[in-house]
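Below is the file upload-v9.cif, which contains mmCIF, C-alpha atoms.
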data_start
loop_
_atom_site.label_atom_id
_atom_site.label_comp_id
_atom_site.auth_asym_id
_atom_site.auth_seq_id
_atom_site.Cartn_x
_atom_site.Cartn_y
_atom_site.Cartn_z
CA MET A 1 0.00 0.00 0.00
CA GLY A 2 1.45 3.38 -0.97
CA GLU A 3 2.07 5.90 1.81
CA MET A 4 -0.68 8.24 0.52
CA GLU A 5 -3.20 5.43 0.67
CA GLN A 6 -2.02 4.53 4.18
CA LEU A 7 -2.38 8.13 5.35
CA ARG A 8 -5.82 8.42 3.78
CA LYS A 9 -6.96 5.29 5.62
CA GLU A 10 -5.50 6.52 8.90
CA ALA A 11 -7.26 9.88 8.46
CA GLU A 12 -10.62 8.13 7.89
CA SER A 13 -10.05 5.90 10.90
CA LEU A 14 -9.22 8.90 13.12
CA LYS A 15 -12.34 10.74 11.95
CA ASP A 16 -14.40 7.67 12.87
CA GLN A 17 -12.66 7.59 16.27
CA ILE A 18 -13.61 11.22 16.91
CA THR A 19 -17.22 10.58 15.91
CA ALA A 20 -17.36 7.57 18.23
CA ALA A 21 -15.72 9.42 21.13
CA ARG A 22 -18.23 12.25 20.79
CA LYS A 23 -21.11 9.80 20.75
CA ALA A 24 -19.73 8.00 23.79
CA VAL A 25 -20.22 11.08 26.00
CA GLN A 26 -23.63 11.92 24.54
CA ASP A 27 -25.62 10.70 27.55
CA THR A 28 -28.30 13.35 27.07
CA THR A 29 -29.20 16.45 25.07
CA LEU A 30 -29.31 20.13 25.97
CA GLN A 31 -33.06 20.02 25.36
CA GLU A 32 -33.44 17.37 28.07
CA ALA A 33 -31.15 19.22 30.46
CA ALA A 34 -33.24 22.37 30.00
CA ALA A 35 -36.60 20.60 30.07
CA GLY A 36 -37.45 21.97 33.49
CA ILE A 37 -36.87 25.56 32.43
CA THR A 38 -39.63 27.67 30.89
CA VAL A 39 -39.05 29.43 27.59
CA VAL A 40 -38.11 33.07 27.91
CA GLY A 41 -41.10 35.38 27.50
CA ARG A 42 -41.39 37.48 24.38
CA VAL A 43 -38.41 39.87 24.20
CA GLN A 44 -39.35 43.25 22.81
CA LEU A 45 -36.45 45.60 22.39
CA LYS A 46 -36.92 49.12 21.10
CA THR A 47 -34.61 51.28 19.06
CA ARG A 48 -33.27 53.84 21.51
CA LYS A 49 -30.77 55.55 19.22
CA THR A 50 -30.08 55.68 15.50
CA LEU A 51 -26.50 56.52 14.57
CA ARG A 52 -26.55 58.41 11.28
CA GLY A 53 -23.53 59.52 9.35
CA HIS A 54 -22.18 56.73 7.19
CA LEU A 55 -22.86 57.19 3.48
CA ALA A 56 -22.69 53.58 2.37
CA LYS A 57 -23.11 50.01 3.61
CA ILE A 58 -21.89 49.34 7.12
CA TYR A 59 -19.89 46.13 7.28
CA ALA A 60 -18.76 45.92 10.88
CA MET A 61 -19.09 47.36 14.35
CA HIS A 62 -17.43 46.66 17.69
CA TRP A 63 -18.21 47.97 21.18
CA ALA A 64 -15.47 49.43 23.33
CA VAL A 65 -15.04 47.79 26.72
CA ASP A 66 -16.10 51.17 28.13
CA ALA A 67 -19.67 50.47 27.17
CA ASN A 68 -20.77 53.76 25.71
CA LEU A 69 -18.39 53.98 22.75
CA CYS A 70 -18.34 51.85 19.64
CA VAL A 71 -16.55 51.85 16.29
CA SER A 72 -18.17 51.15 12.92
CA ALA A 73 -16.72 50.58 9.45
CA SER A 74 -18.41 51.42 6.19
CA GLN A 75 -17.53 51.12 2.55
CA ASP A 76 -17.89 54.89 2.37
CA GLY A 77 -14.25 54.63 3.45
CA LYS A 78 -14.70 55.75 7.04
CA LEU A 79 -14.26 54.36 10.53
CA ILE A 80 -16.48 56.24 12.95
CA VAL A 81 -16.14 56.11 16.72
CA TRP A 82 -19.54 56.91 18.25
CA ASP A 83 -20.68 57.99 21.68
CA THR A 84 -23.80 55.84 21.68
CA ILE A 85 -25.53 57.85 24.41
CA THR A 86 -25.27 61.27 22.75
CA THR A 87 -24.99 59.82 19.18
CA ASN A 88 -22.03 62.17 18.66
CA LYS A 89 -19.17 61.15 16.41
CA VAL A 90 -16.07 61.14 18.59
CA ASN A 91 -13.80 60.36 15.62
CA ALA A 92 -14.40 60.07 11.87
CA ILE A 93 -11.32 58.39 10.44
CA PRO A 94 -10.82 58.43 6.65
CA LEU A 95 -9.40 55.15 5.35
CA LYS A 96 -6.83 54.61 2.59
CA SER A 97 -8.93 51.76 1.24
CA SER A 98 -12.71 52.03 1.31
CA TRP A 99 -13.18 48.28 0.89
CA VAL A 100 -13.33 47.66 4.60
CA MET A 101 -14.86 44.45 5.96
CA THR A 102 -14.03 44.50 9.66
CA CYS A 103 -13.17 46.76 12.57
CA ALA A 104 -12.18 46.30 16.18
CA TYR A 105 -11.79 48.34 19.36
CA ALA A 106 -8.83 47.54 21.63
CA PRO A 107 -9.79 46.65 25.24
CA SER A 108 -7.74 49.64 26.43
CA GLY A 109 -9.76 52.04 24.30
CA ASN A 110 -6.54 53.47 22.84
CA LEU A 111 -6.57 51.79 19.46
CA VAL A 112 -8.96 50.74 16.71
CA ALA A 113 -8.22 48.50 13.75
CA CYS A 114 -9.78 47.74 10.39
CA GLY A 115 -9.12 45.93 7.16
CA GLY A 116 -10.73 44.40 4.11
CA LEU A 117 -9.97 43.89 0.44
CA ASP A 118 -6.60 45.60 0.87
CA ASN A 119 -5.50 42.36 2.64
CA MET A 120 -4.08 44.49 5.46
CA CYS A 121 -4.99 45.24 9.06
CA SER A 122 -4.50 48.95 9.78
CA ILE A 123 -4.08 50.03 13.40
CA TYR A 124 -5.08 53.59 14.39
CA ASN A 125 -4.07 55.38 17.57
CA LEU A 126 -7.06 57.29 18.97
CA LYS A 127 -5.04 58.89 21.72
CA GLY A 128 -2.21 60.45 19.70
CA LYS A 129 -0.42 63.45 21.24
CA ASP A 130 -1.68 66.13 18.87
CA GLY A 131 -5.25 64.83 18.93
CA ASN A 132 -5.13 63.63 15.31
CA VAL A 133 -5.97 60.02 14.65
CA LYS A 134 -3.25 58.47 12.49
CA VAL A 135 -2.34 55.06 11.16
CA MET A 136 0.03 53.56 13.68
CA ARG A 137 0.82 50.32 11.88
CA GLU A 138 -0.18 48.51 8.71
CA LEU A 139 -0.04 44.76 9.19
CA ALA A 140 0.53 43.27 5.76
CA ALA A 141 1.22 39.63 4.96
CA HIS A 142 -2.15 38.05 4.30
CA THR A 143 -2.65 37.01 0.69
CA GLY A 144 -6.40 37.34 0.94
CA TYR A 145 -8.97 39.80 2.29
CA LEU A 146 -9.15 40.63 5.97
CA SER A 147 -12.49 39.32 7.22
CA CYS A 148 -12.14 39.94 10.95
CA CYS A 149 -9.72 41.24 13.56
CA ARG A 150 -9.70 41.29 17.36
CA PHE A 151 -7.19 42.89 19.78
CA LEU A 152 -5.68 40.85 22.60
CA SER A 153 -4.03 44.01 23.96
CA ASP A 154 -2.44 47.19 22.60
CA SER A 155 0.48 45.07 21.43
CA GLU A 156 -1.20 42.02 19.91
CA ILE A 157 -4.03 41.48 17.46
CA ILE A 158 -5.47 38.41 15.77
CA THR A 159 -6.74 38.55 12.19
CA SER A 160 -8.71 36.14 9.99
CA SER A 161 -8.41 36.14 6.23
CA GLY A 162 -9.76 34.96 2.91
CA ASP A 163 -6.36 33.29 2.48
CA CYS A 164 -7.67 30.56 4.85
CA THR A 165 -5.35 31.49 7.75
CA CYS A 166 -5.57 33.44 10.97
CA VAL A 167 -2.56 35.34 12.26
CA LEU A 168 -1.37 36.63 15.63
CA TRP A 169 0.56 39.89 15.09
CA ASP A 170 3.03 41.86 17.14
CA ILE A 171 1.70 45.39 16.59
CA GLU A 172 4.91 47.05 17.76
CA THR A 173 7.09 45.40 15.12
CA GLY A 174 4.32 44.83 12.58
CA THR A 175 5.32 41.18 12.21
CA GLN A 176 3.48 37.87 12.32
CA LYS A 177 4.05 36.00 15.59
CA THR A 178 2.00 32.94 14.71
CA VAL A 179 0.17 31.73 11.62
CA PHE A 180 -2.82 29.50 12.34
CA ALA A 181 -3.29 27.32 9.27
CA GLY A 182 -5.72 24.47 8.87
CA HIS A 183 -8.98 25.79 7.46
CA GLN A 184 -9.72 24.65 3.93
CA GLY A 185 -11.76 27.70 3.04
CA ASP A 186 -11.82 31.47 3.59
CA CYS A 187 -11.81 32.36 7.29
CA MET A 188 -14.78 34.64 7.81
CA SER A 189 -14.91 35.46 11.49
CA LEU A 190 -13.08 35.06 14.78
CA ALA A 191 -13.73 35.55 18.49
CA VAL A 192 -11.35 35.55 21.47
CA SER A 193 -12.14 33.57 24.64
CA PRO A 194 -12.94 35.53 27.81
CA ASP A 195 -9.60 34.41 29.34
CA PHE A 196 -7.65 35.44 26.17
CA LYS A 197 -6.02 31.99 25.92
CA PHE A 198 -7.98 30.72 22.93
CA PHE A 199 -9.74 32.00 19.88
CA ILE A 200 -12.28 30.41 17.55
CA SER A 201 -12.58 30.88 13.80
CA GLY A 202 -15.46 30.18 11.41
CA ALA A 203 -14.75 29.50 7.76
CA CYS A 204 -16.09 28.74 4.29
CA ASP A 205 -15.10 25.11 4.79
CA PHE A 206 -18.23 24.92 6.99
CA THR A 207 -16.18 24.30 10.15
CA ALA A 208 -15.28 26.21 13.29
CA LYS A 209 -11.85 25.69 14.87
CA LEU A 210 -10.61 26.31 18.40
CA TRP A 211 -7.00 27.55 18.50
CA ASP A 212 -4.57 27.68 21.42
CA ILE A 213 -3.04 31.15 21.04
CA ARG A 214 0.29 30.50 22.78
CA GLU A 215 0.86 26.97 21.48
CA GLY A 216 -0.22 27.99 17.97
CA VAL A 217 -2.23 24.82 17.37
CA CYS A 218 -5.79 23.91 16.54
CA ARG A 219 -7.25 21.93 19.44
CA GLN A 220 -10.71 21.11 18.11
CA THR A 221 -12.69 21.27 14.88
CA PHE A 222 -16.49 21.47 14.77
CA GLY A 223 -18.54 20.51 11.72
CA GLY A 224 -22.23 20.15 11.01
CA HIS A 225 -23.01 23.34 9.15
CA GLU A 226 -24.00 22.90 5.51
CA SER A 227 -22.56 26.15 4.28
CA ASP A 228 -20.12 28.96 5.08
CA ILE A 229 -19.88 30.06 8.70
CA ASN A 230 -20.11 33.87 8.65
CA ALA A 231 -20.31 34.65 12.35
CA ILE A 232 -18.87 33.19 15.52
CA GLY A 233 -18.87 34.05 19.20
CA PHE A 234 -18.09 32.62 22.60
CA PHE A 235 -20.83 31.80 25.06
CA PRO A 236 -20.13 34.16 28.02
CA ASN A 237 -18.67 31.43 30.29
CA GLY A 238 -16.08 30.57 27.63
CA ASN A 239 -17.11 26.90 27.49
CA ALA A 240 -19.21 26.99 24.34
CA VAL A 241 -19.10 28.46 20.88
CA ILE A 242 -21.98 29.84 18.83
CA THR A 243 -21.81 29.93 15.03
CA GLY A 244 -24.01 31.52 12.35
CA SER A 245 -24.04 30.22 8.78
CA ASP A 246 -25.28 30.75 5.24
CA ASP A 247 -27.27 27.53 5.84
CA ALA A 248 -29.74 29.75 7.78
CA THR A 249 -28.95 28.17 11.15
CA CYS A 250 -26.95 28.99 14.23
CA LYS A 251 -25.36 26.22 16.25
CA LEU A 252 -24.00 25.93 19.77
CA TYR A 253 -20.97 23.68 20.26
CA ASP A 254 -19.72 22.80 23.74
CA LEU A 255 -15.91 22.86 23.95
CA ARG A 256 -15.53 20.38 26.83
CA ALA A 257 -17.96 17.80 25.36
CA ASP A 258 -16.43 18.52 21.94
CA GLN A 259 -19.72 18.53 20.06
CA GLU A 260 -22.76 20.37 18.82
CA LEU A 261 -25.43 20.63 21.51
CA ILE A 262 -28.20 22.50 19.70
CA THR A 263 -29.21 24.12 16.41
CA TYR A 264 -31.22 27.33 16.20
CA GLN A 265 -33.38 27.06 13.12
CA ASP A 266 -36.89 27.62 11.87
CA SER A 267 -38.44 26.42 8.61
CA SER A 268 -39.58 29.97 7.92
CA ILE A 269 -36.00 31.25 7.97
CA MET A 270 -34.30 30.57 4.68
CA CYS A 271 -31.60 33.20 4.50
CA GLY A 272 -28.08 33.30 5.80
CA VAL A 273 -26.92 34.45 9.23
CA THR A 274 -24.53 37.38 8.95
CA SER A 275 -23.73 38.16 12.56
CA LEU A 276 -24.46 37.12 16.12
CA ALA A 277 -23.97 38.11 19.73
CA PRO A 278 -25.02 36.50 23.01
CA SER A 279 -26.60 38.53 25.80
CA LEU A 280 -24.68 38.88 29.09
CA SER A 281 -26.01 35.66 30.65
CA GLY A 282 -25.92 33.76 27.36
CA ARG A 283 -29.62 33.05 27.61
CA LEU A 284 -30.40 35.14 24.54
CA ILE A 285 -28.65 34.88 21.21
CA LEU A 286 -29.20 37.81 18.89
CA ALA A 287 -28.53 36.90 15.27
CA GLY A 288 -28.60 39.14 12.20
CA TYR A 289 -29.87 37.71 8.93
CA ASP A 290 -29.81 38.55 5.21
CA ASP A 291 -33.57 39.28 5.33
CA PHE A 292 -32.93 42.58 7.18
CA ASN A 293 -34.03 41.21 10.58
CA VAL A 294 -32.42 40.18 13.82
CA ASN A 295 -33.91 37.09 15.45
CA ILE A 296 -33.57 36.64 19.19
CA TRP A 297 -33.23 33.02 20.30
CA ASP A 298 -33.68 31.44 23.72
CA SER A 299 -30.30 29.65 23.77
CA LEU A 300 -31.44 26.81 26.04
CA LYS A 301 -34.84 26.09 24.44
CA SER A 302 -33.91 26.89 20.84
CA GLU A 303 -37.06 28.96 20.35
CA ARG A 304 -37.33 32.32 18.67
CA VAL A 305 -38.43 34.78 21.35
CA GLY A 306 -38.12 38.09 19.58
CA VAL A 307 -37.38 39.96 16.38
CA LEU A 308 -35.66 43.29 15.82
CA ALA A 309 -37.13 44.76 12.67
CA GLY A 310 -35.99 48.22 11.84
CA HIS A 311 -33.39 48.13 9.14
CA ASP A 312 -34.10 48.60 5.44
CA ASN A 313 -31.34 46.33 4.29
CA ARG A 314 -29.20 43.40 5.45
CA VAL A 315 -28.06 43.48 9.08
CA SER A 316 -24.32 43.00 8.64
CA CYS A 317 -23.10 43.27 12.20
CA ILE A 318 -24.33 43.09 15.75
CA GLY A 319 -22.80 43.49 19.18
CA VAL A 320 -23.91 43.52 22.79
CA SER A 321 -22.24 46.13 24.98
CA ALA A 322 -19.80 44.99 27.67
CA ASP A 323 -22.26 45.62 30.50
CA GLY A 324 -25.03 43.91 28.55
CA MET A 325 -27.17 47.04 28.62
CA ALA A 326 -27.73 47.39 24.90
CA CYS A 327 -27.39 45.74 21.55
CA CYS A 328 -26.08 47.59 18.49
CA THR A 329 -26.97 46.57 14.94
CA GLY A 330 -25.25 47.84 11.79
CA SER A 331 -26.76 47.53 8.36
CA TRP A 332 -26.23 47.90 4.64
CA ASP A 333 -28.82 50.68 4.95
CA SER A 334 -25.94 52.80 6.38
CA PHE A 335 -27.40 53.14 9.87
CA LEU A 336 -26.53 51.72 13.27
CA LYS A 337 -29.26 51.25 15.82
CA ILE A 338 -28.99 50.86 19.59
CA TRP A 339 -31.66 48.64 21.15
CA ASN A 340 -32.75 47.64 24.62
CA MET B 1 7.43 17.05 -12.83
CA SER B 2 4.86 15.26 -10.73
CA ASN B 3 7.43 14.54 -8.01
CA ASN B 4 7.06 17.94 -6.36
CA ASN B 5 3.27 17.70 -6.37
CA ALA B 6 3.41 14.18 -5.00
CA SER B 7 5.72 15.11 -2.10
CA ASN B 8 3.59 18.20 -1.36
CA ASN B 9 0.46 16.07 -1.20
CA LEU B 10 2.27 13.66 1.09
CA ILE B 11 3.25 16.45 3.48
CA ILE B 12 -0.31 17.77 3.47
CA ALA B 13 -1.67 14.29 4.19
CA GLN B 14 0.88 13.76 6.99
CA ARG B 15 -0.12 17.10 8.57
CA ALA B 16 -3.80 16.22 8.31
CA VAL B 17 -3.24 12.89 10.09
CA LYS B 18 -1.10 14.56 12.78
CA GLN B 19 -3.86 17.13 13.40
CA LEU B 20 -6.55 14.45 13.54
CA ARG B 21 -4.48 12.49 16.08
CA LEU B 22 -4.30 15.62 18.23
CA GLU B 23 -8.04 16.23 18.00
CA ALA B 24 -8.91 12.60 18.64
CA SER B 25 -6.85 12.53 21.84
CA ILE B 26 -8.60 15.31 23.79
CA ARG B 27 -10.51 14.61 27.00
CA ARG B 28 -14.27 14.97 26.66
CA ILE B 29 -16.77 15.50 29.45
CA LYS B 30 -20.28 14.11 29.39
CA VAL B 31 -22.95 16.15 27.63
CA SER B 32 -25.05 15.95 30.81
CA GLN B 33 -22.38 17.87 32.70
CA ALA B 34 -21.72 20.33 29.86
CA ALA B 35 -25.43 21.03 29.41
CA ALA B 36 -26.02 21.41 33.15
CA ASP B 37 -23.17 23.92 33.40
CA LEU B 38 -24.59 25.98 30.51
CA ARG B 39 -28.06 25.88 32.00
CA ASN B 40 -26.81 26.84 35.47
CA PHE B 41 -24.71 29.70 34.10
CA CYS B 42 -27.75 31.13 32.31
CA VAL B 43 -29.98 30.77 35.36
CA GLN B 44 -27.45 32.24 37.79
CA ASN B 45 -26.65 35.23 35.58
CA ALA B 46 -30.19 35.91 34.35
CA PRO B 47 -31.00 38.52 37.03
CA LYS B 48 -27.98 40.58 35.87
CA ASP B 49 -28.81 40.35 32.16
CA PRO B 50 -30.41 43.69 31.17
CA LEU B 51 -31.59 42.57 27.72
CA LEU B 52 -33.28 39.55 29.29
CA MET B 53 -34.80 41.24 32.34
CA GLY B 54 -35.65 44.54 30.70
CA VAL B 55 -34.21 47.89 31.71
CA PRO B 56 -36.39 50.26 33.73
CA SER B 57 -36.42 53.72 32.08
CA SER B 58 -34.93 55.30 35.18
CA ASP B 59 -31.83 53.11 34.85
CA ASN B 60 -31.60 53.19 31.08
CA PRO B 61 -28.66 55.40 29.98
CA PHE B 62 -30.01 55.27 26.41
CA ARG B 63 -33.35 56.63 27.48
CA PRO B 64 -33.16 59.70 29.71
CA PRO B 65 -36.42 60.23 31.58
CA LYS B 66 -38.02 63.33 30.12
CA PRO B 67 -40.87 65.34 31.51
CA CYS B 68 -43.85 65.06 29.19
CA SER B 69 -44.95 68.34 27.62
CA LEU B 70 -48.08 68.56 25.57
CA PHE B 71 -47.66 71.71 23.50
#

Now, as a test, write the supplied structure out as structure tokens.
Amino acid sequence: MGEMEQLRKEAESLKDQITAARKAVQDTTLQEAAAGITVVGRVQLKTRKTLRGHLAKIYAMHWAVDANLCVSASQDGKLIVWDTITTNKVNAIPLKSSWVMTCAYAPSGNLVACGGLDNMCSIYNLKGKDGNVKVMRELAAHTGYLSCCRFLSDSEIITSSGDCTCVLWDIETGTQKTVFAGHQGDCMSLAVSPDFKFFISGACDFTAKLWDIREGVCRQTFGGHESDINAIGFFPNGNAVITGSDDATCKLYDLRADQELITYQDSSIMCGVTSLAPSLSGRLILAGYDDFNVNIWDSLKSERVGVLAGHDNRVSCIGVSADGMACCTGSWDSFLKIWN
Amino acid sequence: MSNNNASNNLIIAQRAVKQLRLEASIRRIKVSQAAADLRNFCVQNAPKDPLLMGVPSSDNPFRPPKPCSLF
């Protein structure tokens, strides 16, 4: 038997082993474990603020850890930092490339980042000495578009790319510290664990991967989706991962049981999920869809308990503030809305 | 020549097997424990979840209480 054939057989055997090991711990389902809990009552959130100012589709938004500020990115070529309470624009940053697909706010509040079809992640210092916001670093090495980026600190950022890799960068030197390779399709989204030790990525190979940041390895791979995974997030306790896909479903995977526990789907929903965010307790999952709506799911009962209808085009991004007080949606209709 | 392609494919296959070995070897806990922990986390943190519990207008920073004028 040639070595290729041997390796192929070993790969198949290992995949079967993983399937069997997952089944072996499947002594119940999340539905059964939550049987004694009543479904959440109808959740009706109202638009409290509308953030107007972008002139084209909004592709991304990210809350600051200081809950009242957020950053948004639009293909009008601007990054805008908003005070969500007053709706004032704290900063309006013109970008070199208008084809932006992602943005991020550093936990410190000092930096924001963005990137897109320029294949680069540009870091901006909001707290520069003369008050002007300037590009601090341009992180270039990806050979595909930048789909998502998230800061670990003011000195490290993780990016995901259409070149099928994720990268951990040293912002100071502008170099790649670690390349996380393994996905067989464009990486579309990433999220960092609450303890900053791991991150998860969702890709066009229909899988989500859990990566150990310091060791630089993929620890677990989760399948089950039938199309591209566009959105990914950690359940607030860090032990589970939520994904949103073009297959019109969201799934929850538990990291310690290494398997999917529940799927959030409805026969009436036939369009892709673009974005998602859990509420503070994890009980609610807010997911943005291509049909211009946000559906709110009871995460334990897998029932739709609310809808946010207010945008006139696709909801492209969503985020829940750090203190859980509000949810922000961004849309191709060029507006951001704050709900609670 | 096909040699380069062949050795590349071999390396890719070897990496794939190595990764699968890693993923197969992790410790897994029972779904009953995982599910219970998720459920308990939700229940314990529910009272502090503003979107779940609702935010009274007086405490809502996005909705300053305004006196109602009718003219």

query = Which residues fall under the PyMOL selection byres ((chain B) within 8 of (chain A)) in this file, as a count of residues only?
reply = 37

As lines of an AutoDock Vina configuration file, please report the centre and edge lengths, rounded to one decimal in Å, of the axis-aligned box that holds all listed atoms of stretch 220-229 of chain A with 8 Å of padding on each of the six sides.
center_x = -17.4
center_y = 25.1
center_z = 11.2
size_x = 29.3
size_y = 25.9
size_z = 29.8

query = Counting all atoms listed in the file, what is within 10 Å of A:Ala208, bar same-chain residues fewer than 6 positions away, as a list in words?
reply =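 So the residues in contact are His183, Cys187, Ser189, Leu190, Ile200, Ser201, Gly202, Gln220, Thr221, Phe222, Gly223, Gly224, His225, Asp228, Ile229, Ala231, Ile232, Val241, Ile242, Thr243 and Tyr253 of chain A.
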
key: Matched chain/residue IDs from the PyMOL selection byres ((chain A and resi 158-171) around 8), as a PyMOL selection string   = chain A and resi 119+121+137+139+142-152+154-157+172-190+201+203+213

task = List the residues matched by the PyMOL selection byres ((chain A and resi 58) around 12) in the displayed structure as a PyMOL selection string, ordered by chain and then by residue number.
result = chain A and resi 51-57+59-62+71-80+98-103+311+313-318+329-337

request  = Measure the distance from atom CA of A:Leu286 to atom CA of A:Thr207 in Å and round it to one decimal.
outcome  =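 These two atoms are separated by 20.7 Å.
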
request  = Rounded to one decimal place, report the atom CA of A:Asn88-atom CA of A:Lys134 distance in Å.
outcome  =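 Separating atom CA of A:Asn88 from atom CA of A:Lys134 is a distance of 20.1 Å.
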
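Here atom CA of A:Gly244 stands at a distance of 16.3 Å from atom CA of A:Ser268.
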